[in-house]
file final.cif (mmCIF, C-alpha atoms)
data_model
#
loop_
_atom_site.group_PDB
_atom_site.id
_atom_site.type_symbol
_atom_site.label_atom_id
_atom_site.label_comp_id
_atom_site.auth_asym_id
_atom_site.auth_seq_id
_atom_site.Cartn_x
_atom_site.Cartn_y
_atom_site.Cartn_z
ATOM 1 C CA MET A 1 6.252 58.577 180.918
ATOM 2 C CA ASP A 2 4.816 56.897 177.841
ATOM 3 C CA PRO A 3 6.581 53.514 177.357
ATOM 4 C CA VAL A 4 7.801 51.741 174.224
ATOM 5 C CA VAL A 5 5.421 48.788 173.841
ATOM 6 C CA HIS A 6 6.087 47.328 170.394
ATOM 7 C CA PHE A 7 8.737 47.167 167.679
ATOM 8 C CA GLU A 8 8.295 46.800 163.943
ATOM 9 C CA MET A 9 10.750 45.929 161.196
ATOM 10 C CA PRO A 10 10.439 45.683 157.424
ATOM 11 C CA ALA A 11 10.804 42.374 155.598
ATOM 12 C CA GLU A 12 11.060 41.528 151.916
ATOM 13 C CA ASP A 13 10.390 37.781 152.312
ATOM 14 C CA LYS A 14 7.902 36.762 155.009
ATOM 15 C CA LYS A 15 8.912 33.081 155.153
ATOM 16 C CA ARG A 16 12.603 33.925 155.256
ATOM 17 C CA VAL A 17 12.226 36.467 158.089
ATOM 18 C CA SER A 18 9.958 34.101 160.053
ATOM 19 C CA ASP A 19 12.414 31.230 159.682
ATOM 20 C CA PHE A 20 15.339 33.445 160.690
ATOM 21 C CA TYR A 21 13.898 34.891 163.919
ATOM 22 C CA SER A 22 12.260 31.662 165.041
ATOM 23 C CA GLY A 23 15.463 29.704 164.339
ATOM 24 C CA ALA A 24 17.953 32.209 165.731
ATOM 25 C CA PHE A 25 16.019 33.444 168.774
ATOM 26 C CA GLY A 26 13.081 31.070 169.304
ATOM 27 C CA TRP A 27 10.485 33.766 168.592
ATOM 28 C CA GLN A 28 6.961 32.623 167.740
ATOM 29 C CA MET A 29 5.998 34.075 164.369
ATOM 30 C CA GLN A 30 2.337 34.332 163.291
ATOM 31 C CA GLN A 31 1.352 35.369 159.775
ATOM 32 C CA LEU A 32 -1.856 37.442 159.733
ATOM 33 C CA GLY A 33 -4.223 37.639 156.767
ATOM 34 C CA PRO A 34 -4.907 40.252 154.114
ATOM 35 C CA GLU A 35 -7.315 42.148 156.413
ATOM 36 C CA MET A 36 -4.235 42.958 158.555
ATOM 37 C CA GLY A 37 -1.907 43.652 155.633
ATOM 38 C CA GLU A 38 -0.215 40.221 155.793
ATOM 39 C CA TYR A 39 1.524 41.463 158.948
ATOM 40 C CA ILE A 40 3.671 38.998 160.898
ATOM 41 C CA LEU A 41 3.350 39.069 164.687
ATOM 42 C CA ALA A 42 6.590 38.307 166.524
ATOM 43 C CA THR A 43 6.142 37.013 170.065
ATOM 44 C CA THR A 44 9.446 37.461 171.887
ATOM 45 C CA ALA A 45 8.050 37.150 175.413
ATOM 46 C CA PRO A 46 5.081 35.125 176.721
ATOM 47 C CA THR A 47 1.659 36.775 177.076
ATOM 48 C CA ASP A 48 -1.577 35.635 178.687
ATOM 49 C CA GLN A 49 -3.343 35.891 175.337
ATOM 50 C CA PRO A 50 -2.589 37.400 171.907
ATOM 51 C CA GLY A 51 -2.684 41.191 171.896
ATOM 52 C CA THR A 52 -1.972 41.572 175.619
ATOM 53 C CA PRO A 53 1.277 42.861 177.107
ATOM 54 C CA PRO A 54 4.066 40.375 177.892
ATOM 55 C CA LYS A 55 4.050 38.796 181.365
ATOM 56 C CA GLN A 56 7.688 39.722 182.045
ATOM 57 C CA PRO A 57 8.138 43.446 182.838
ATOM 58 C CA GLY A 58 10.543 45.259 180.538
ATOM 59 C CA THR A 59 9.928 43.053 177.497
ATOM 60 C CA ILE A 60 8.040 43.869 174.305
ATOM 61 C CA ASN A 61 6.727 41.946 171.335
ATOM 62 C CA GLY A 62 6.689 43.148 167.768
ATOM 63 C CA GLY A 63 6.056 42.445 164.155
ATOM 64 C CA PHE A 64 7.163 42.657 160.562
ATOM 65 C CA TYR A 65 5.559 44.594 157.724
ATOM 66 C CA GLN A 66 6.162 44.468 153.977
ATOM 67 C CA LYS A 67 9.290 46.404 153.062
ATOM 68 C CA SER A 68 8.668 49.067 150.431
ATOM 69 C CA LYS A 69 10.430 52.079 148.941
ATOM 70 C CA ASP A 70 8.727 54.340 151.493
ATOM 71 C CA ASN A 71 8.931 51.958 154.459
ATOM 72 C CA GLN A 72 12.439 50.541 154.876
ATOM 73 C CA HIS A 73 13.465 51.190 158.457
ATOM 74 C CA PRO A 74 12.674 49.610 161.836
ATOM 75 C CA HIS A 75 10.661 51.651 164.274
ATOM 76 C CA VAL A 76 9.221 51.466 167.745
ATOM 77 C CA VAL A 77 5.694 52.097 168.993
ATOM 78 C CA ILE A 78 4.991 54.217 172.060
ATOM 79 C CA SER A 79 1.842 53.684 174.121
ATOM 80 C CA VAL A 80 -0.101 56.897 174.846
ATOM 81 C CA LYS A 81 -3.231 57.584 176.874
ATOM 82 C CA ASP A 82 -4.794 60.045 174.392
ATOM 83 C CA ILE A 83 -3.599 59.851 170.802
ATOM 84 C CA ARG A 84 -5.069 63.202 169.725
ATOM 85 C CA GLU A 85 -3.416 65.000 172.646
ATOM 86 C CA SER A 86 -0.133 63.203 171.941
ATOM 87 C CA MET A 87 -0.306 64.226 168.272
ATOM 88 C CA LYS A 88 -0.538 67.858 169.395
ATOM 89 C CA LYS A 89 2.436 67.387 171.735
ATOM 90 C CA VAL A 90 4.519 65.820 168.946
ATOM 91 C CA GLU A 91 3.844 68.775 166.666
ATOM 92 C CA ALA A 92 4.477 71.324 169.444
ATOM 93 C CA ALA A 93 7.857 69.663 170.113
ATOM 94 C CA GLY A 94 8.847 69.949 166.428
ATOM 95 C CA GLY A 95 7.711 66.571 165.053
ATOM 96 C CA THR A 96 5.437 65.893 162.095
ATOM 97 C CA ILE A 97 2.475 63.521 161.883
ATOM 98 C CA VAL A 98 3.094 61.289 158.847
ATOM 99 C CA GLY A 99 0.945 58.170 159.221
ATOM 100 C CA GLY A 100 -2.635 57.234 158.814
ATOM 101 C CA GLN A 101 -4.576 55.953 155.821
ATOM 102 C CA ASN A 102 -6.307 59.330 155.778
ATOM 103 C CA PRO A 103 -3.453 61.848 156.033
ATOM 104 C CA GLY A 104 -3.124 63.185 159.555
ATOM 105 C CA GLU A 105 -5.809 60.880 160.958
ATOM 106 C CA PRO A 106 -5.130 57.887 163.224
ATOM 107 C CA ASP A 107 -6.097 54.392 162.088
ATOM 108 C CA GLU A 108 -8.224 51.995 164.137
ATOM 109 C CA ILE A 109 -6.595 48.568 164.479
ATOM 110 C CA PRO A 110 -9.366 46.133 165.487
ATOM 111 C CA GLY A 111 -8.833 44.767 168.992
ATOM 112 C CA ILE A 112 -5.522 46.646 169.356
ATOM 113 C CA GLY A 113 -6.257 50.375 169.471
ATOM 114 C CA THR A 114 -5.761 53.656 167.623
ATOM 115 C CA TYR A 115 -2.432 54.116 165.791
ATOM 116 C CA ILE A 116 -0.534 56.809 163.900
ATOM 117 C CA SER A 117 3.074 57.414 162.879
ATOM 118 C CA PHE A 118 5.112 60.556 163.297
ATOM 119 C CA LYS A 119 8.539 61.787 162.277
ATOM 120 C CA ASP A 120 10.704 63.135 165.104
ATOM 121 C CA THR A 121 13.121 66.061 164.822
ATOM 122 C CA GLU A 122 15.871 63.682 163.640
ATOM 123 C CA GLY A 123 13.838 62.128 160.821
ATOM 124 C CA ASN A 124 13.024 58.883 162.653
ATOM 125 C CA VAL A 125 9.567 57.435 162.008
ATOM 126 C CA VAL A 126 7.947 56.309 165.271
ATOM 127 C CA GLY A 127 4.482 54.937 166.023
ATOM 128 C CA MET A 128 2.010 55.959 168.709
ATOM 129 C CA LEU A 129 -0.710 53.642 169.953
ATOM 130 C CA GLN A 130 -3.665 54.418 172.175
ATOM 131 C CA PRO A 131 -4.515 50.862 173.280
ATOM 132 C CA ALA A 132 -8.084 49.656 173.009
ATOM 133 C CA PRO A 133 -9.842 49.232 176.372
ATOM 134 C CA MET A 134 -9.336 45.779 177.872
ATOM 135 C CA GLN A 135 -12.424 43.582 177.461
#
call {"tool": "encode", "arguments": {"input": "final.cif", "output": "structure tokens"}}
result
Amino acid sequence: MDPVVHFEMPAEDKKRVSDFYSGAFGWQMQQLGPEMGEYILATTAPTDQPGTPPKQPGTINGGFYQKSKDNQHPHVVISVKDIRESMKKVEAAGGTIVGGQNPGEPDEIPGIGTYISFKDTEGNVVGMLQPAPMQ
């Protein structure tokens, strides 16, 4: 099985969302720069180092992206071994590839891996990530 490894949620106000989740749940929030789209990393479970899986089995970390007209709903990210093969499987099962800066093409996230979004048969937008090899 391919596991869920990350969650993402939209946010209108980065400071407000960071203050809320750190205050309410103790999450560590880290604002990234413009090269990463001003993304906010949300650490909900300890890791050995940033970008590595949580130490505690069954937990995931996540992040927040800028809410927009076209991107208003939370979604999860599924880890896959081969993103191109998984894209074919999604389409064969009735899903549609929707993400990528170049339509239909996965994006490289430096130090993280290869990522693309798809829409499932129920209209949910979900991410797939082929993690970068561990260094």
call {"tool": "resolve_selection", "arguments": {"input": "final.cif", "expression": "the PyMOL selection byres ((chain A and resi 42-45) around 8)", "output": "list in words"}}
result
Gly26, Trp27, Gln28, Met29, Gln30, Ile40, Leu41, Pro46, Thr47, Pro54, Lys55, Gln56, Thr59, Ile60, Asn61, Gly62, Gly63 and Phe64 of chain A
call {"tool": "resolve_selection", "arguments": {"input": "final.cif", "expression": "the PyMOL selection byres ((chain A and resi 84-101) around 10)", "output": "PyMOL selection string"}}
result
chain A and resi 2+79-83+102-108+114-130
call {"tool": "atom_distance", "arguments": {"input": "final.cif", "atom1": "CA of Ser18 in chain A", "atom2": "CA of Gly33 in chain A"}}
result
15.0 Å
call {"tool": "atom_distance", "arguments": {"input": "final.cif", "atom1": "CA of Phe7 in chain A", "atom2": "CA of Pro74 in chain A"}}
result
7.5 Å
call {"tool": "resolve_selection", "arguments": {"input": "final.cif", "expression": "the PyMOL selection byres ((chain A and resi 4) around 6)", "output": "list in words"}}
result
Pro3, Val5, Val77 and Ile78 of chain A
call {"tool": "decode", "arguments": {"input": "final.cif", "residues": "range 66-128 of chain A", "atoms": "C-alpha atoms", "output": "mmCIF file, in the first residue's frame"}}
result
data_model
loop_
_atom_site.group_PDB
_atom_site.id
_atom_site.type_symbol
_atom_site.label_atom_id
_atom_site.label_comp_id
_atom_site.auth_asym_id
_atom_site.auth_seq_id
_atom_site.Cartn_x
_atom_site.Cartn_y
_atom_site.Cartn_z
ATOM 1 C CA GLN A 66 -1.931 30.351 0.146
ATOM 2 C CA LYS A 67 -5.691 30.016 -0.195
ATOM 3 C CA SER A 68 -6.967 31.050 -3.616
ATOM 4 C CA LYS A 69 -10.134 30.776 -5.687
ATOM 5 C CA ASP A 70 -8.833 27.555 -7.254
ATOM 6 C CA ASN A 71 -7.210 26.117 -4.121
ATOM 7 C CA GLN A 72 -9.576 26.231 -1.142
ATOM 8 C CA HIS A 73 -9.710 22.732 0.285
ATOM 9 C CA PRO A 74 -7.425 20.604 2.474
ATOM 10 C CA HIS A 75 -5.798 17.608 0.880
ATOM 11 C CA VAL A 76 -3.482 14.761 1.707
ATOM 12 C CA VAL A 77 -0.309 13.580 -0.006
ATOM 13 C CA ILE A 78 0.326 9.918 -0.771
ATOM 14 C CA SER A 79 3.867 8.573 -1.071
ATOM 15 C CA VAL A 80 4.476 6.495 -4.224
ATOM 16 C CA LYS A 81 7.503 4.583 -5.476
ATOM 17 C CA ASP A 82 7.168 5.643 -9.139
ATOM 18 C CA ILE A 83 5.183 8.794 -9.839
ATOM 19 C CA ARG A 84 4.812 8.191 -13.587
ATOM 20 C CA GLU A 85 3.483 4.670 -13.008
ATOM 21 C CA SER A 86 1.145 5.959 -10.293
ATOM 22 C CA MET A 87 -0.159 8.669 -12.635
ATOM 23 C CA LYS A 88 -1.095 5.937 -15.119
ATOM 24 C CA LYS A 89 -2.829 3.947 -12.367
ATOM 25 C CA VAL A 90 -4.807 7.014 -11.247
ATOM 26 C CA GLU A 91 -6.054 7.604 -14.780
ATOM 27 C CA ALA A 92 -6.838 3.904 -15.340
ATOM 28 C CA ALA A 93 -8.924 3.924 -12.134
ATOM 29 C CA GLY A 94 -10.949 6.937 -13.343
ATOM 30 C CA GLY A 95 -8.996 9.847 -11.825
ATOM 31 C CA THR A 96 -7.586 12.893 -13.591
ATOM 32 C CA ILE A 97 -4.116 14.412 -13.282
ATOM 33 C CA VAL A 98 -4.623 18.106 -12.461
ATOM 34 C CA GLY A 99 -1.394 19.429 -10.940
ATOM 35 C CA GLY A 100 1.982 20.456 -12.124
ATOM 36 C CA GLN A 101 3.334 23.806 -13.273
ATOM 37 C CA ASN A 102 3.472 22.305 -16.756
ATOM 38 C CA PRO A 103 0.050 20.683 -17.215
ATOM 39 C CA GLY A 104 0.230 16.944 -16.685
ATOM 40 C CA GLU A 105 3.892 17.006 -15.648
ATOM 41 C CA PRO A 106 5.147 16.447 -12.089
ATOM 42 C CA ASP A 107 7.068 19.196 -10.302
ATOM 43 C CA GLU A 108 10.465 18.706 -8.663
ATOM 44 C CA ILE A 109 10.520 19.976 -5.072
ATOM 45 C CA PRO A 110 14.197 20.452 -4.134
ATOM 46 C CA GLY A 111 15.279 18.030 -1.414
ATOM 47 C CA ILE A 112 11.747 16.597 -1.109
ATOM 48 C CA GLY A 113 10.922 14.727 -4.316
ATOM 49 C CA THR A 114 8.647 14.711 -7.358
ATOM 50 C CA TYR A 115 5.043 15.881 -6.820
ATOM 51 C CA ILE A 116 1.771 16.103 -8.738
ATOM 52 C CA SER A 117 -1.903 16.480 -7.853
ATOM 53 C CA PHE A 118 -4.819 14.462 -9.129
ATOM 54 C CA LYS A 119 -8.587 14.545 -8.818
ATOM 55 C CA ASP A 120 -10.208 11.294 -7.678
ATOM 56 C CA THR A 121 -13.567 9.968 -8.881
ATOM 57 C CA GLU A 122 -15.343 11.990 -6.164
ATOM 58 C CA GLY A 123 -13.752 15.326 -7.076
ATOM 59 C CA ASN A 124 -11.219 15.358 -4.224
ATOM 60 C CA VAL A 125 -7.812 16.835 -5.047
ATOM 61 C CA VAL A 126 -5.021 14.637 -3.661
ATOM 62 C CA GLY A 127 -1.240 14.860 -3.988
ATOM 63 C CA MET A 128 1.267 12.172 -4.916
#
